Amino acid sequence: MERNPMRRQLASMRKSLFDQGYLDEQFMELEQLLDDANPNFVEEVVTLYYRDSARLILNLDRALERRPLDFSKLDGLMHQFKGSSSSIGAKKVKAESTLFREYCKSGNAEGCMRTFQQLKKEYATLRKKLETYFQLARQIGPMESANRPK
Amino acid sequence: MLEGKQNGQVFKLPKVILLATNITNVELEKAKAAGFADTVIMKPMRASMAAACLQQVLGIGKKRQAGKNMLNGSMALQGLLCGKKILVVDDNMVHQRVVAGALKKFEVAVECRESGKAALKLLQRPYCFDAFFMDIQMPEMNGFEATHPIRMMESKANKQMNGGMDKDSGRKGEWHVPILAMTADVIHATYDALNAGWMDVSKPFEEAKLYQVVAEFFKSTRSNCFT
């Protein structure tokens with residue numbers, strides 16, 4: 001049980017990210033890699049994710065403006081995006097990616113566009129939550145998680 | 001894009017990391033002889049799995065169980081993997097980072113490349129890798145296509161050695177760098193494998209057979225150094 005109120009807050013934030021389905025076990029896998037040599041590994045990978053995926057989001061937006069839609073291209077872009085999202089354990093974002101790909105496969109333009117809007121919402125929400133989380137973590141000092149090996 | 005269907009059946013993906021097929025020993029030998037990957041890993045790679053998988057294909061220790069959190073026994077594993085040289089080939093930068101991070105934790109020396117082409121450039125002699133982690137579904141050149149030249153190089157070197165002693169290690173043997181194929185999509189990976197001529201799959205997956213087949217893939221290998 002953390003005595004320090006900030007640590008308690010961090011732990012609580014972390015727990016709710018999992019409980020509310022924003023993150024899955026893959027995020028915990030990343031936390032396993034935290035150690036003294038790599039105290040910021042998770043934040044680094046997440047930062048890389050948001051940088052890398054920003055480009056994909058832009059390309060997807062552009063591709064969705066074309067008429068007719070190139071479902072093969074859209075699916076290819078989303079394959080990449082889904083890969084990155086699942087690598088950091090972004091559960092809701094990953095679910096929307098999967099749905100998007102289903103719509104691509106069935107050639108459902110409306111489904112694609114609707115799902116992409118939802119995906120962008122989830123993506124932005126997660127980003128904000130993680131930013132807050134890492135900010136607090138940095139304030140506290142070296143990252144500690146319940147799963148971290150001693 | 002290919003559909004995950006054959007004969008009107010939609011495959012249910014087993015929740016395991018292995019490429020499944022109900023193949024016979026003869027076909028298995030053919031697949032291995034054809035140079036298919038030594039094992040298949042589901043993406044995203046679980047950090048705790050990376051070292052365990054590597055340990056198994058390198059034939060270190062007698063542990064059979066992949067999928068358990070290896071980090072509790074990590075001290076022992078660290079010693080065993082320390083200094084191994086691994087090449088990670090993945091066009092997804094985020095996933096590449098995760099795999100590299102997982103391996104570096106065990107003091108493995110990791111090189112990364114974003115494409116099959118870039119990887120093959122690195123593999124002009126001399127090179128010295130103990131294993132490759134290879135993404136299967138990459139644009140331009142997929143993992144199977146990248147595997148082929150690697151196996152050709154090994155085959156050539158083996159012929160030159162002609163079953164004789166390797167002067168560096170003093171060992172007799174065949175060069176065979178373990179390739180761990182990574183895929184988010186086992187079904188498409190299977191079709192890629194088929195199209196690349198690596199395997200001959202004609203039956204639906206069977207989970208029980210799966211373990212048996214892949215357990216046979218795990219072979220002890222010697223250190224693999226081309227100079």
# chains A, B, ... in the order shown; residues from 1 in each chain; ligands from 1
>>> interface_residues(of="chain A", to="chain B", cutoff="10 Å", atoms="only C-alpha atoms", output="PyMOL selection string")
chain A and resi 25-35+37-38+41-42+44-53+71-72+75-76+79-89+104-105+148-150
>>> residues_around(residues="Leu119 in chain A", least_positions_apart="5", cutoff="12 Å", atoms="only C-alpha atoms", output="MDAnalysis selection string")
chainID A and resid 57 60:61 78 81:82 85 90:101 111:114 124:126
>>> residues_around(residues="Gly141 in chain A", least_positions_apart="4", cutoff="12 Å", atoms="only C-alpha atoms", output="PyMOL selection string")
chain A and resi 6-7+10+36+39-40+134-137
>>> atom_distance(atom1="CA of Arg151 in chain B", atom2="CA of Leu80 in chain B")
25.7 Å
>>> atom_distance(atom1="CA of Phe133 in chain B", atom2="CA of Lys156 in chain B")
22.2 Å
>>> residues_around(residues="range 115-121 of chain B", least_positions_apart="2", cutoff="12 Å", atoms="only C-alpha atoms", output="PyMOL selection string")
chain B and resi 86-93+96+111-113+123-127+129+132-153
>>> select_by_dssp(residues="range 12-70 of chain A", states="alpha helix (DSSP H)", output="NGL selection string")
:A and (12-19 or 25-31 or 41-63)
>>> write_last_selection(atoms="N, CA, C and O atoms", output="compact mmCIF listing (two decimals), in the first residue's frame")
# COMPACT_ATOMS: atom_id res chain seq x y z
N SER A 12 -3.71 4.56 -8.64
CA SER A 12 -5.15 4.58 -8.91
C SER A 12 -5.44 4.91 -10.37
O SER A 12 -6.32 4.33 -11.02
N MET A 13 -4.67 5.85 -10.90
CA MET A 13 -4.79 6.23 -12.32
C MET A 13 -4.51 5.03 -13.19
O MET A 13 -5.24 4.74 -14.16
N ARG A 14 -3.45 4.34 -12.83
CA ARG A 14 -3.02 3.19 -13.61
C ARG A 14 -4.10 2.10 -13.60
O ARG A 14 -4.47 1.54 -14.62
N LYS A 15 -4.62 1.86 -12.41
CA LYS A 15 -5.65 0.83 -12.26
C LYS A 15 -6.88 1.15 -13.10
O LYS A 15 -7.44 0.28 -13.76
N SER A 16 -7.26 2.41 -13.12
CA SER A 16 -8.48 2.74 -13.86
C SER A 16 -8.27 2.65 -15.37
O SER A 16 -9.20 2.35 -16.12
N LEU A 17 -7.03 2.88 -15.82
CA LEU A 17 -6.74 2.72 -17.25
C LEU A 17 -7.00 1.27 -17.68
O LEU A 17 -7.50 1.02 -18.78
N PHE A 18 -6.68 0.35 -16.78
CA PHE A 18 -6.92 -1.06 -17.10
C PHE A 18 -8.38 -1.42 -16.89
O PHE A 18 -9.02 -2.04 -17.74
N ASP A 19 -8.94 -0.99 -15.75
CA ASP A 19 -10.32 -1.33 -15.44
C ASP A 19 -11.29 -0.80 -16.49
O ASP A 19 -12.28 -1.44 -16.81
N GLU A 25 -3.00 -6.17 -21.30
CA GLU A 25 -1.79 -6.76 -20.70
C GLU A 25 -0.50 -6.37 -21.41
O GLU A 25 0.57 -6.44 -20.81
N GLN A 26 -0.59 -6.02 -22.67
CA GLN A 26 0.64 -5.66 -23.38
C GLN A 26 1.32 -4.47 -22.71
O GLN A 26 2.54 -4.39 -22.67
N PHE A 27 0.55 -3.56 -22.17
CA PHE A 27 1.12 -2.41 -21.46
C PHE A 27 1.91 -2.89 -20.25
O PHE A 27 2.98 -2.39 -19.94
N MET A 28 1.37 -3.90 -19.58
CA MET A 28 2.08 -4.49 -18.42
C MET A 28 3.38 -5.14 -18.86
O MET A 28 4.38 -5.10 -18.15
N GLU A 29 3.35 -5.73 -20.06
CA GLU A 29 4.58 -6.32 -20.60
C GLU A 29 5.66 -5.26 -20.75
O GLU A 29 6.83 -5.49 -20.47
N LEU A 30 5.25 -4.08 -21.20
CA LEU A 30 6.21 -2.98 -21.35
C LEU A 30 6.74 -2.55 -19.98
O LEU A 30 7.93 -2.26 -19.82
N GLU A 31 5.86 -2.52 -19.01
CA GLU A 31 6.27 -2.14 -17.65
C GLU A 31 7.30 -3.10 -17.08
O GLU A 31 8.16 -2.71 -16.30
N PHE A 41 11.29 3.57 -20.11
CA PHE A 41 11.04 2.78 -21.30
C PHE A 41 9.61 2.88 -21.80
O PHE A 41 9.36 3.09 -22.98
N VAL A 42 8.66 2.78 -20.88
CA VAL A 42 7.25 2.79 -21.30
C VAL A 42 6.88 4.13 -21.93
O VAL A 42 6.27 4.18 -23.00
N GLU A 43 7.31 5.20 -21.27
CA GLU A 43 6.99 6.52 -21.81
C GLU A 43 7.65 6.70 -23.18
O GLU A 43 7.05 7.28 -24.09
N GLU A 44 8.86 6.20 -23.32
CA GLU A 44 9.57 6.33 -24.60
C GLU A 44 8.84 5.60 -25.72
O GLU A 44 8.68 6.14 -26.82
N VAL A 45 8.39 4.40 -25.43
CA VAL A 45 7.68 3.64 -26.46
C VAL A 45 6.34 4.30 -26.80
O VAL A 45 5.95 4.38 -27.97
N VAL A 46 5.65 4.79 -25.78
CA VAL A 46 4.37 5.46 -26.02
C VAL A 46 4.57 6.73 -26.84
O VAL A 46 3.78 7.03 -27.74
N THR A 47 5.63 7.46 -26.53
CA THR A 47 5.95 8.68 -27.29
C THR A 47 6.23 8.33 -28.76
O THR A 47 5.75 9.00 -29.67
N LEU A 48 6.98 7.27 -28.94
CA LEU A 48 7.28 6.79 -30.29
C LEU A 48 5.98 6.42 -31.02
O LEU A 48 5.79 6.74 -32.19
N TYR A 49 5.10 5.77 -30.29
CA TYR A 49 3.81 5.37 -30.85
C TYR A 49 3.03 6.59 -31.36
O TYR A 49 2.54 6.59 -32.49
N TYR A 50 2.93 7.62 -30.53
CA TYR A 50 2.13 8.77 -30.93
C TYR A 50 2.77 9.54 -32.08
O TYR A 50 2.09 10.06 -32.96
N ARG A 51 4.09 9.53 -32.13
CA ARG A 51 4.77 10.18 -33.24
C ARG A 51 4.56 9.40 -34.53
O ARG A 51 4.19 9.93 -35.56
N ASP A 52 4.79 8.10 -34.42
CA ASP A 52 4.69 7.21 -35.58
C ASP A 52 3.27 7.14 -36.12
O ASP A 52 3.02 7.16 -37.32
N SER A 53 2.29 7.07 -35.21
CA SER A 53 0.91 6.88 -35.65
C SER A 53 0.26 8.16 -36.14
O SER A 53 -0.72 8.11 -36.88
N ALA A 54 0.82 9.32 -35.76
CA ALA A 54 0.27 10.60 -36.24
C ALA A 54 0.30 10.63 -37.76
O ALA A 54 -0.65 11.06 -38.42
N ARG A 55 1.40 10.14 -38.28
CA ARG A 55 1.59 10.07 -39.73
C ARG A 55 0.53 9.16 -40.37
O ARG A 55 -0.07 9.48 -41.40
N LEU A 56 0.28 8.03 -39.74
CA LEU A 56 -0.70 7.08 -40.26
C LEU A 56 -2.10 7.66 -40.23
O LEU A 56 -2.88 7.48 -41.17
N ILE A 57 -2.42 8.34 -39.15
CA ILE A 57 -3.74 8.97 -39.02
C ILE A 57 -3.94 9.97 -40.16
O ILE A 57 -5.01 10.02 -40.79
N LEU A 58 -2.92 10.75 -40.41
CA LEU A 58 -2.98 11.75 -41.48
C LEU A 58 -3.23 11.07 -42.83
O LEU A 58 -4.09 11.49 -43.61
N ASN A 59 -2.47 10.02 -43.08
CA ASN A 59 -2.64 9.29 -44.34
C ASN A 59 -4.01 8.64 -44.47
O ASN A 59 -4.59 8.58 -45.55
N LEU A 60 -4.51 8.17 -43.35
CA LEU A 60 -5.85 7.56 -43.36
C LEU A 60 -6.91 8.63 -43.65
O LEU A 60 -7.83 8.40 -44.43
N ASP A 61 -6.76 9.78 -43.01
CA ASP A 61 -7.68 10.88 -43.26
C ASP A 61 -7.72 11.21 -44.74
O ASP A 61 -8.78 11.37 -45.34
N ARG A 62 -6.54 11.33 -45.31
CA ARG A 62 -6.44 11.68 -46.75
C ARG A 62 -7.08 10.60 -47.61
O ARG A 62 -7.85 10.89 -48.52
N ALA A 63 -6.75 9.36 -47.28
CA ALA A 63 -7.27 8.24 -48.08
C ALA A 63 -8.78 8.15 -48.01
O ALA A 63 -9.44 7.74 -48.96
>>> decode(residues="range 2-138 of chain A", atoms="C-alpha atoms", output="PDB file, in the first residue's frame")
ATOM      1  CA  GLU A   2       1.575   3.304  -1.025  1.00  0.00           C
ATOM      2  CA  ARG A   3       1.802   5.809   1.783  1.00  0.00           C
ATOM      3  CA  ASN A   4       2.779   8.664  -0.425  1.00  0.00           C
ATOM      4  CA  PRO A   5      -0.430  10.269  -1.721  1.00  0.00           C
ATOM      5  CA  MET A   6       1.070  10.961  -5.137  1.00  0.00           C
ATOM      6  CA  ARG A   7       2.073   7.368  -5.524  1.00  0.00           C
ATOM      7  CA  ARG A   8      -1.420   6.355  -4.486  1.00  0.00           C
ATOM      8  CA  GLN A   9      -2.861   8.646  -7.090  1.00  0.00           C
ATOM      9  CA  LEU A  10      -0.559   7.217  -9.744  1.00  0.00           C
ATOM     10  CA  ALA A  11      -1.487   3.678  -8.806  1.00  0.00           C
ATOM     11  CA  SER A  12      -5.152   4.578  -8.911  1.00  0.00           C
ATOM     12  CA  MET A  13      -4.793   6.229 -12.320  1.00  0.00           C
ATOM     13  CA  ARG A  14      -3.021   3.186 -13.613  1.00  0.00           C
ATOM     14  CA  LYS A  15      -5.654   0.831 -12.257  1.00  0.00           C
ATOM     15  CA  SER A  16      -8.479   2.737 -13.859  1.00  0.00           C
ATOM     16  CA  LEU A  17      -6.744   2.717 -17.249  1.00  0.00           C
ATOM     17  CA  PHE A  18      -6.920  -1.063 -17.096  1.00  0.00           C
ATOM     18  CA  ASP A  19     -10.319  -1.329 -15.436  1.00  0.00           C
ATOM     19  CA  GLN A  20     -11.906   0.978 -17.984  1.00  0.00           C
ATOM     20  CA  GLY A  21     -10.434  -0.980 -20.851  1.00  0.00           C
ATOM     21  CA  TYR A  22      -8.075   1.641 -22.226  1.00  0.00           C
ATOM     22  CA  LEU A  23      -5.069  -0.607 -21.770  1.00  0.00           C
ATOM     23  CA  ASP A  24      -4.503  -4.331 -21.907  1.00  0.00           C
ATOM     24  CA  GLU A  25      -1.787  -6.758 -20.699  1.00  0.00           C
ATOM     25  CA  GLN A  26       0.637  -5.660 -23.380  1.00  0.00           C
ATOM     26  CA  PHE A  27       1.123  -2.411 -21.461  1.00  0.00           C
ATOM     27  CA  MET A  28       2.076  -4.486 -18.420  1.00  0.00           C
ATOM     28  CA  GLU A  29       4.575  -6.324 -20.599  1.00  0.00           C
ATOM     29  CA  LEU A  30       6.213  -2.978 -21.345  1.00  0.00           C
ATOM     30  CA  GLU A  31       6.268  -2.135 -17.651  1.00  0.00           C
ATOM     31  CA  GLN A  32       8.175  -5.363 -17.065  1.00  0.00           C
ATOM     32  CA  LEU A  33      11.009  -3.851 -19.035  1.00  0.00           C
ATOM     33  CA  LEU A  34      11.425  -0.896 -16.697  1.00  0.00           C
ATOM     34  CA  ASP A  35      14.610  -0.981 -14.701  1.00  0.00           C
ATOM     35  CA  ASP A  36      17.345   1.327 -13.505  1.00  0.00           C
ATOM     36  CA  ALA A  37      18.970   1.290 -16.914  1.00  0.00           C
ATOM     37  CA  ASN A  38      15.656   2.054 -18.640  1.00  0.00           C
ATOM     38  CA  PRO A  39      13.513   3.955 -16.164  1.00  0.00           C
ATOM     39  CA  ASN A  40      11.465   5.639 -18.893  1.00  0.00           C
ATOM     40  CA  PHE A  41      11.041   2.776 -21.301  1.00  0.00           C
ATOM     41  CA  VAL A  42       7.248   2.786 -21.296  1.00  0.00           C
ATOM     42  CA  GLU A  43       6.989   6.516 -21.811  1.00  0.00           C
ATOM     43  CA  GLU A  44       9.571   6.325 -24.602  1.00  0.00           C
ATOM     44  CA  VAL A  45       7.679   3.636 -26.459  1.00  0.00           C
ATOM     45  CA  VAL A  46       4.367   5.457 -26.018  1.00  0.00           C
ATOM     46  CA  THR A  47       5.950   8.677 -27.295  1.00  0.00           C
ATOM     47  CA  LEU A  48       7.276   6.789 -30.294  1.00  0.00           C
ATOM     48  CA  TYR A  49       3.811   5.373 -30.851  1.00  0.00           C
ATOM     49  CA  TYR A  50       2.133   8.774 -30.935  1.00  0.00           C
ATOM     50  CA  ARG A  51       4.772  10.182 -33.236  1.00  0.00           C
ATOM     51  CA  ASP A  52       4.691   7.213 -35.582  1.00  0.00           C
ATOM     52  CA  SER A  53       0.913   6.875 -35.649  1.00  0.00           C
ATOM     53  CA  ALA A  54       0.273  10.598 -36.235  1.00  0.00           C
ATOM     54  CA  ARG A  55       1.592  10.068 -39.730  1.00  0.00           C
ATOM     55  CA  LEU A  56      -0.698   7.076 -40.263  1.00  0.00           C
ATOM     56  CA  ILE A  57      -3.745   8.965 -39.016  1.00  0.00           C
ATOM     57  CA  LEU A  58      -2.980  11.748 -41.479  1.00  0.00           C
ATOM     58  CA  ASN A  59      -2.640   9.288 -44.343  1.00  0.00           C
ATOM     59  CA  LEU A  60      -5.849   7.563 -43.360  1.00  0.00           C
ATOM     60  CA  ASP A  61      -7.682  10.880 -43.256  1.00  0.00           C
ATOM     61  CA  ARG A  62      -6.444  11.675 -46.749  1.00  0.00           C
ATOM     62  CA  ALA A  63      -7.267   8.244 -48.083  1.00  0.00           C
ATOM     63  CA  LEU A  64     -10.791   8.511 -46.692  1.00  0.00           C
ATOM     64  CA  GLU A  65     -11.369  11.672 -48.699  1.00  0.00           C
ATOM     65  CA  ARG A  66     -10.782   9.959 -52.016  1.00  0.00           C
ATOM     66  CA  ARG A  67     -13.680   8.747 -54.086  1.00  0.00           C
ATOM     67  CA  PRO A  68     -14.057   5.908 -54.593  1.00  0.00           C
ATOM     68  CA  LEU A  69     -12.379   4.582 -51.476  1.00  0.00           C
ATOM     69  CA  ASP A  70      -9.354   2.379 -51.974  1.00  0.00           C
ATOM     70  CA  PHE A  71     -10.152  -0.295 -49.391  1.00  0.00           C
ATOM     71  CA  SER A  72      -6.955  -2.156 -49.985  1.00  0.00           C
ATOM     72  CA  LYS A  73      -4.882   0.910 -49.249  1.00  0.00           C
ATOM     73  CA  LEU A  74      -6.998   1.767 -46.223  1.00  0.00           C
ATOM     74  CA  ASP A  75      -6.614  -1.740 -44.886  1.00  0.00           C
ATOM     75  CA  GLY A  76      -2.867  -1.608 -45.383  1.00  0.00           C
ATOM     76  CA  LEU A  77      -2.586   1.638 -43.447  1.00  0.00           C
ATOM     77  CA  MET A  78      -4.803   0.322 -40.685  1.00  0.00           C
ATOM     78  CA  HIS A  79      -2.771  -2.885 -40.483  1.00  0.00           C
ATOM     79  CA  GLN A  80       0.247  -0.761 -39.583  1.00  0.00           C
ATOM     80  CA  PHE A  81      -1.722   1.371 -37.178  1.00  0.00           C
ATOM     81  CA  LYS A  82      -3.215  -1.635 -35.459  1.00  0.00           C
ATOM     82  CA  GLY A  83       0.222  -3.196 -35.118  1.00  0.00           C
ATOM     83  CA  SER A  84       1.573  -0.147 -33.337  1.00  0.00           C
ATOM     84  CA  SER A  85      -1.481   0.243 -31.149  1.00  0.00           C
ATOM     85  CA  SER A  86      -1.429  -3.335 -30.013  1.00  0.00           C
ATOM     86  CA  SER A  87       2.302  -3.083 -29.296  1.00  0.00           C
ATOM     87  CA  ILE A  88       1.620  -0.588 -26.537  1.00  0.00           C
ATOM     88  CA  GLY A  89      -1.554  -2.259 -25.303  1.00  0.00           C
ATOM     89  CA  ALA A  90      -3.976   0.407 -26.541  1.00  0.00           C
ATOM     90  CA  LYS A  91      -7.047  -1.784 -26.146  1.00  0.00           C
ATOM     91  CA  LYS A  92      -9.922   0.411 -27.326  1.00  0.00           C
ATOM     92  CA  VAL A  93      -7.919   1.855 -30.200  1.00  0.00           C
ATOM     93  CA  LYS A  94      -6.978  -1.642 -31.270  1.00  0.00           C
ATOM     94  CA  ALA A  95     -10.643  -2.726 -31.176  1.00  0.00           C
ATOM     95  CA  GLU A  96     -11.629   0.149 -33.449  1.00  0.00           C
ATOM     96  CA  SER A  97      -8.778  -0.748 -35.811  1.00  0.00           C
ATOM     97  CA  THR A  98     -10.041  -4.304 -36.030  1.00  0.00           C
ATOM     98  CA  LEU A  99     -13.557  -3.096 -36.766  1.00  0.00           C
ATOM     99  CA  PHE A 100     -12.250  -0.720 -39.415  1.00  0.00           C
ATOM    100  CA  ARG A 101     -10.450  -3.573 -41.149  1.00  0.00           C
ATOM    101  CA  GLU A 102     -13.634  -5.635 -41.129  1.00  0.00           C
ATOM    102  CA  TYR A 103     -15.405  -2.795 -42.913  1.00  0.00           C
ATOM    103  CA  CYS A 104     -12.554  -2.573 -45.403  1.00  0.00           C
ATOM    104  CA  LYS A 105     -12.855  -6.261 -46.154  1.00  0.00           C
ATOM    105  CA  SER A 106     -16.583  -5.950 -46.771  1.00  0.00           C
ATOM    106  CA  GLY A 107     -16.184  -2.709 -48.714  1.00  0.00           C
ATOM    107  CA  ASN A 108     -18.384  -0.763 -46.335  1.00  0.00           C
ATOM    108  CA  ALA A 109     -17.479   2.890 -46.845  1.00  0.00           C
ATOM    109  CA  GLU A 110     -19.847   4.282 -44.270  1.00  0.00           C
ATOM    110  CA  GLY A 111     -18.696   1.782 -41.696  1.00  0.00           C
ATOM    111  CA  CYS A 112     -15.076   2.750 -42.336  1.00  0.00           C
ATOM    112  CA  MET A 113     -15.708   6.435 -41.960  1.00  0.00           C
ATOM    113  CA  ARG A 114     -17.830   6.085 -38.860  1.00  0.00           C
ATOM    114  CA  THR A 115     -15.341   3.752 -37.209  1.00  0.00           C
ATOM    115  CA  PHE A 116     -12.420   6.001 -38.036  1.00  0.00           C
ATOM    116  CA  GLN A 117     -14.088   8.936 -36.279  1.00  0.00           C
ATOM    117  CA  GLN A 118     -14.595   6.785 -33.214  1.00  0.00           C
ATOM    118  CA  LEU A 119     -11.017   5.548 -33.437  1.00  0.00           C
ATOM    119  CA  LYS A 120      -9.652   9.070 -33.468  1.00  0.00           C
ATOM    120  CA  LYS A 121     -11.687   9.881 -30.364  1.00  0.00           C
ATOM    121  CA  GLU A 122     -10.320   6.882 -28.488  1.00  0.00           C
ATOM    122  CA  TYR A 123      -6.807   7.640 -29.691  1.00  0.00           C
ATOM    123  CA  ALA A 124      -7.030  11.236 -28.409  1.00  0.00           C
ATOM    124  CA  THR A 125      -8.593  10.217 -25.106  1.00  0.00           C
ATOM    125  CA  LEU A 126      -5.884   7.672 -24.430  1.00  0.00           C
ATOM    126  CA  ARG A 127      -3.179  10.139 -25.333  1.00  0.00           C
ATOM    127  CA  LYS A 128      -4.481  12.665 -22.834  1.00  0.00           C
ATOM    128  CA  LYS A 129      -4.779  10.064 -20.084  1.00  0.00           C
ATOM    129  CA  LEU A 130      -1.286   8.732 -20.684  1.00  0.00           C
ATOM    130  CA  GLU A 131       0.196  12.229 -20.794  1.00  0.00           C
ATOM    131  CA  THR A 132      -1.320  12.966 -17.403  1.00  0.00           C
ATOM    132  CA  TYR A 133      -0.135   9.627 -16.093  1.00  0.00           C
ATOM    133  CA  PHE A 134       3.465  10.069 -17.217  1.00  0.00           C
ATOM    134  CA  GLN A 135       3.548  13.663 -16.001  1.00  0.00           C
ATOM    135  CA  LEU A 136       2.619  12.527 -12.523  1.00  0.00           C
ATOM    136  CA  ALA A 137       5.085   9.646 -12.714  1.00  0.00           C
ATOM    137  CA  ARG A 138       7.895  12.027 -13.613  1.00  0.00           C
TER     138      ARG A 138
END
